[in-house]
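Novice: Would you mind keeping the following structure in view while I ask a few things?
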Amino acid sequence: MRNLKIKPFVYLLFALFALCLVAVALLSGHKITDLKSALFVSYKTIPILLVLCWIFTKFGWKWRIFQGWLVPFPNLNGTWEGSIQTTWKNPETGETPGPIPVILTIKQSFAKISCVMRTAEMTSRSYLAGFWVDGDEQLKMLGYCYTSKPSTTVAERSQPHDGTITFEVIGNPASKLKGTYWTERKTTGEVVLTLRTTDHLDEFPQDIGDHPMKSKNP
């Protein structure tokens with residue numbers, strides 16, 4: 001129930017039950033005259049409600065008509081692209097690399113969300129993710145913990161690590177993700193993303209640019 005606003009959901013469920021009850025009674029020709037007849041028609045109504053609930057949790061929660069007043073969290077399904085600006089400094093030069101091209105693939109259902117971030121040098125996968133949404137506090141955020149696995153070609157300067165990232169979800173519908181991350185390597189940075197496609201990309205696209213450290217790799 002955490003994925004729904006309880007009060008509007010109860011009203012909607014009651015309204016749907018009443019409408020289905022009347023429809024079943026009319027179509028079946030059963031008149032509701034006493035408790036027994038009401039229970040009989042109600043029994044036939046329950047499967048219809050279950051089908052409607054399945055349709056809602058499978059597809060309907062994404063529809064804009066339900067966003068905000070019933071479904072509190074935004075639909076972020078798809079692949080987002082942008083850049084990371086790290087605070088890490090190259091120990092050899094003392095310089096901070098320029099923006100790192102990145103994509104974030106979000107696979108979201110009514111009950112679950114997973115995030116995979118990719119650059120030309122690493123892939124990180126979420127293992128704990130969720131939304132913080134509070135209209136009164138003007139709060140709409142996505143946050144997750146992740147494990148990052150750099151490619152073997154950069155193993156000498158980039159080790160596997162865990163981290164946490166939080167994104168502010170901007171726009172309605174969402175058009176921009178702006179976040180901050182920190183890792184167990186004591187590095188931090190900022191990430192800014194916009195939606196590239198509603199498809200879920202499985203690899204880093206070459207058309208968004210190379211990693212700024214590429215020329216320094218052996």
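By order in the structure tokens, chains are A, B, ...; within a chain, residues start at 1; ligands start at 1, following the order shown.
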Give me the residues within 10 Å of stretch 20-32 of chain A as an mmCIF file with N, CA and C atoms, in the first residue's frame, counting only C-alpha atoms and dropping any in the same chain fewer than 6 places off.
Specialist:
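In the end it all went to part.cif:
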data_model
loop_
_atom_site.group_PDB
_atom_site.id
_atom_site.type_symbol
_atom_site.label_atom_id
_atom_site.label_comp_id
_atom_site.auth_asym_id
_atom_site.auth_seq_id
_atom_site.Cartn_x
_atom_site.Cartn_y
_atom_site.Cartn_z
ATOM 1 N N PHE A 14 -14.082 1.549 -3.578
ATOM 2 C CA PHE A 14 -15.511 1.493 -3.238
ATOM 3 C C PHE A 14 -16.365 1.837 -4.450
ATOM 4 N N ALA A 38 -27.511 -10.196 -2.233
ATOM 5 C CA ALA A 38 -26.407 -9.231 -2.277
ATOM 6 C C ALA A 38 -25.060 -9.953 -2.229
ATOM 7 N N LEU A 39 -24.963 -10.974 -1.372
ATOM 8 C CA LEU A 39 -23.732 -11.746 -1.280
ATOM 9 C C LEU A 39 -23.459 -12.525 -2.563
ATOM 10 N N PHE A 40 -24.527 -13.027 -3.185
ATOM 11 C CA PHE A 40 -24.377 -13.774 -4.432
ATOM 12 C C PHE A 40 -23.804 -12.884 -5.536
ATOM 13 N N VAL A 41 -24.358 -11.690 -5.673
ATOM 14 C CA VAL A 41 -23.879 -10.764 -6.700
ATOM 15 C C VAL A 41 -22.480 -10.261 -6.357
ATOM 16 N N SER A 42 -22.218 -10.033 -5.062
ATOM 17 C CA SER A 42 -20.893 -9.578 -4.636
ATOM 18 C C SER A 42 -19.831 -10.620 -4.964
ATOM 19 N N TYR A 43 -20.187 -11.892 -4.777
ATOM 20 C CA TYR A 43 -19.253 -12.978 -5.073
ATOM 21 C C TYR A 43 -18.860 -12.972 -6.548
ATOM 22 N N LYS A 44 -19.801 -12.674 -7.409
ATOM 23 C CA LYS A 44 -19.519 -12.613 -8.842
ATOM 24 C C LYS A 44 -18.756 -11.343 -9.224
ATOM 25 N N THR A 45 -18.831 -10.338 -8.362
ATOM 26 C CA THR A 45 -18.158 -9.062 -8.638
ATOM 27 C C THR A 45 -16.665 -9.121 -8.322
ATOM 28 N N ILE A 46 -16.284 -9.908 -7.323
ATOM 29 C CA ILE A 46 -14.893 -9.956 -6.862
ATOM 30 C C ILE A 46 -13.901 -10.306 -7.975
ATOM 31 N N ILE A 48 -14.034 -9.669 -11.090
ATOM 32 C CA ILE A 48 -13.895 -8.498 -11.964
ATOM 33 C C ILE A 48 -12.959 -7.479 -11.327
ATOM 34 N N LEU A 49 -13.101 -7.246 -10.021
ATOM 35 C CA LEU A 49 -12.227 -6.311 -9.318
ATOM 36 C C LEU A 49 -10.783 -6.797 -9.326
#
Novice: Enumerate the residues of chain A with a DSSP assignment of strand (DSSP E), computed from the backbone, and present them as a PyMOL selection string.
Specialist: chain A and resi 78-86+100-108+113-118+122-134+139-150+161-170+176-183+188-197
Novice: Rounded to one decimal in Å, what is the spacing between atom CA of A:Thr119 and atom CA of A:Gly98?
Specialist: 13.5 Å
Novice: Residues near A:Lys107, anyone? I mean within 8 Å using only C-alpha atoms, not counting same-chain ones fewer than 3 positions away, as a PyMOL selection string.
Specialist: chain A and resi 76-78+113-115+200
Novice: Would you mind exporting the chosen residues as a short mmCIF file (atom, residue, chain, number, x, y, z; two decimals), in the first residue's frame, restricted to C-alpha atoms?
Specialist:
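And here's again_21.cif as it stands now:
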data_model
loop_
_atom_site.label_atom_id
_atom_site.label_comp_id
_atom_site.auth_asym_id
_atom_site.auth_seq_id
_atom_site.Cartn_x
_atom_site.Cartn_y
_atom_site.Cartn_z
CA LEU A 76 10.88 6.93 -14.75
CA ASN A 77 11.03 3.90 -17.04
CA GLY A 78 13.62 4.20 -19.79
CA ILE A 113 12.50 -0.28 -9.33
CA SER A 114 16.06 -1.12 -10.41
CA CYS A 115 18.78 1.19 -11.75
CA HIS A 200 15.96 0.00 -21.67
#
Novice: Measuring between only C-alpha atoms, which one of A:Thr183, A:Phe17, A:Ser151, A:Gly94 shows the shortest distance to A:Leu50?
Specialist: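 Looking at the shortest contact to A:Leu50, the residue is A:Phe17.
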Novice: Near A:Ser175, counting only C-alpha atoms, which residues have an atom at most 8 Å away, once you skip same-chain residues fewer than 5 positions from it, shown as a PyMOL selection string?
Specialist: chain A and resi 169-170+194-195
Novice: Include C-alpha atoms and write out the residues we just selected as an mmCIF file, in the first residue's frame.
Specialist:
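What follows is the written file selection31.cif:
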data_model
loop_
_atom_site.group_PDB
_atom_site.id
_atom_site.type_symbol
_atom_site.label_atom_id
_atom_site.label_comp_id
_atom_site.auth_asym_id
_atom_site.auth_seq_id
_atom_site.Cartn_x
_atom_site.Cartn_y
_atom_site.Cartn_z
ATOM 1 C CA VAL A 169 13.061 14.350 -9.895
ATOM 2 C CA ILE A 170 12.312 17.517 -11.845
ATOM 3 C CA THR A 194 17.582 13.884 -19.167
ATOM 4 C CA LEU A 195 15.446 11.180 -20.770
#
Novice: Write out as a PyMOL selection string the residues lying within 12 Å of A:Thr96, counting only C-alpha atoms and excluding same-chain residues fewer than 6 positions away.
Specialist: chain A and resi 84-90+187-189+212-213
Novice: Find the residues near stretch 59-71 of chain A: any atom within 9 Å, counting only C-alpha atoms, skip ones fewer than 2 places away on the same chain, and give them as a ChimeraX atom specification.
Specialist: /A:3-9,53-57,73-75,109-110,135,173
Novice: Taking N, CA and C atoms for each residue, export the selection above as a PDB file, in the first residue's frame.
Specialist:
ATOM      1  N   ASN A   3       2.703   2.229  -2.154  1.00  0.00           N
ATOM      2  CA  ASN A   3       2.766   2.758  -3.508  1.00  0.00           C
ATOM      3  C   ASN A   3       1.480   3.473  -3.920  1.00  0.00           C
ATOM      4  N   LEU A   4       0.557   3.587  -3.001  1.00  0.00           N
ATOM      5  CA  LEU A   4      -0.709   4.262  -3.287  1.00  0.00           C
ATOM      6  C   LEU A   4      -1.032   5.247  -2.170  1.00  0.00           C
ATOM      7  N   LYS A   5      -1.785   6.276  -2.505  1.00  0.00           N
ATOM      8  CA  LYS A   5      -2.326   7.166  -1.493  1.00  0.00           C
ATOM      9  C   LYS A   5      -3.606   6.513  -0.967  1.00  0.00           C
ATOM     10  N   ILE A   6      -3.625   6.185   0.307  1.00  0.00           N
ATOM     11  CA  ILE A   6      -4.630   5.311   0.873  1.00  0.00           C
ATOM     12  C   ILE A   6      -6.056   5.841   0.729  1.00  0.00           C
ATOM     13  N   LYS A   7      -6.288   7.094   1.109  1.00  0.00           N
ATOM     14  CA  LYS A   7      -7.649   7.626   1.112  1.00  0.00           C
ATOM     15  C   LYS A   7      -8.262   7.643  -0.287  1.00  0.00           C
ATOM     16  N   PRO A   8      -7.579   8.201  -1.311  1.00  0.00           N
ATOM     17  CA  PRO A   8      -8.155   8.141  -2.664  1.00  0.00           C
ATOM     18  C   PRO A   8      -8.341   6.706  -3.159  1.00  0.00           C
ATOM     19  N   PHE A   9      -7.425   5.794  -2.760  1.00  0.00           N
ATOM     20  CA  PHE A   9      -7.540   4.405  -3.198  1.00  0.00           C
ATOM     21  C   PHE A   9      -8.791   3.760  -2.623  1.00  0.00           C
ATOM     22  N   CYS A  53      -7.655  -4.785 -10.796  1.00  0.00           N
ATOM     23  CA  CYS A  53      -6.459  -4.504  -9.979  1.00  0.00           C
ATOM     24  C   CYS A  53      -5.203  -4.993 -10.685  1.00  0.00           C
ATOM     25  N   TRP A  54      -5.295  -6.154 -11.344  1.00  0.00           N
ATOM     26  CA  TRP A  54      -4.143  -6.673 -12.085  1.00  0.00           C
ATOM     27  C   TRP A  54      -3.772  -5.741 -13.231  1.00  0.00           C
ATOM     28  N   ILE A  55      -4.778  -5.265 -13.963  1.00  0.00           N
ATOM     29  CA  ILE A  55      -4.529  -4.327 -15.067  1.00  0.00           C
ATOM     30  C   ILE A  55      -3.880  -3.051 -14.543  1.00  0.00           C
ATOM     31  N   PHE A  56      -4.348  -2.583 -13.386  1.00  0.00           N
ATOM     32  CA  PHE A  56      -3.798  -1.352 -12.821  1.00  0.00           C
ATOM     33  C   PHE A  56      -2.334  -1.526 -12.422  1.00  0.00           C
ATOM     34  N   THR A  57      -2.013  -2.611 -11.700  1.00  0.00           N
ATOM     35  CA  THR A  57      -0.648  -2.809 -11.232  1.00  0.00           C
ATOM     36  C   THR A  57       0.302  -3.166 -12.371  1.00  0.00           C
ATOM     37  N   PHE A  73       4.404   8.248  -6.844  1.00  0.00           N
ATOM     38  CA  PHE A  73       5.733   8.279  -7.437  1.00  0.00           C
ATOM     39  C   PHE A  73       5.658   8.406  -8.954  1.00  0.00           C
ATOM     40  N   PRO A  74       6.658   9.034  -9.591  1.00  0.00           N
ATOM     41  CA  PRO A  74       6.654   9.229 -11.046  1.00  0.00           C
ATOM     42  C   PRO A  74       7.077   7.963 -11.786  1.00  0.00           C
ATOM     43  N   ASN A  75       6.709   7.893 -13.050  1.00  0.00           N
ATOM     44  CA  ASN A  75       7.149   6.807 -13.925  1.00  0.00           C
ATOM     45  C   ASN A  75       8.455   7.231 -14.591  1.00  0.00           C
ATOM     46  N   SER A 109       8.472  -1.096 -12.151  1.00  0.00           N
ATOM     47  CA  SER A 109       7.125  -1.648 -12.153  1.00  0.00           C
ATOM     48  C   SER A 109       6.359  -0.987 -11.015  1.00  0.00           C
ATOM     49  N   PHE A 110       5.133  -1.419 -10.782  1.00  0.00           N
ATOM     50  CA  PHE A 110       4.342  -0.822  -9.713  1.00  0.00           C
ATOM     51  C   PHE A 110       4.980  -1.059  -8.347  1.00  0.00           C
ATOM     52  N   GLY A 135       4.210  15.699  -1.083  1.00  0.00           N
ATOM     53  CA  GLY A 135       3.718  16.911  -1.727  1.00  0.00           C
ATOM     54  C   GLY A 135       3.754  18.123  -0.829  1.00  0.00           C
ATOM     55  N   PRO A 173       5.256  15.581 -16.399  1.00  0.00           N
ATOM     56  CA  PRO A 173       6.022  14.378 -16.086  1.00  0.00           C
ATOM     57  C   PRO A 173       7.515  14.663 -15.963  1.00  0.00           C
TER      58      PRO A 173
END
Novice: Measuring atom to atom with only C-alpha atoms, identify which of A:Lys58, A:His161, A:Lys149, A:Arg196 is nearest to A:Thr105.
Specialist: A:Arg196
Novice: Got a sec: who's within 10 Å of A:Val116, counting only C-alpha atoms, leaving out chain neighbours fewer than 4 positions off, as a ChimeraX atom specification?
Specialist: /A:79,103-107,123-127,146-148,200-203
Novice: Mind the document's chain letters and residue numbers, and return as a PyMOL selection string the residues of stretch 4-204 of chain A that DSSP labels helix (DSSP H, G or I).
Specialist: chain A and resi 6-28+35-58+60-62+64-66+152-154
Novice: When you draw a straight line from atom CA of A:Asp207 to atom CA of A:Ala155, how long is it in Å?
Specialist: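 Between atom CA of A:Asp207 and atom CA of A:Ala155 the gap is 24.3 Å.
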Novice: Rounded to one decimal in Å, what is the spacing between atom CA of A:Asp134 and atom CA of A:Tyr11?
Specialist: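 So the two atoms, atom CA of A:Asp134 and atom CA of A:Tyr11, lie 20.6 Å apart.
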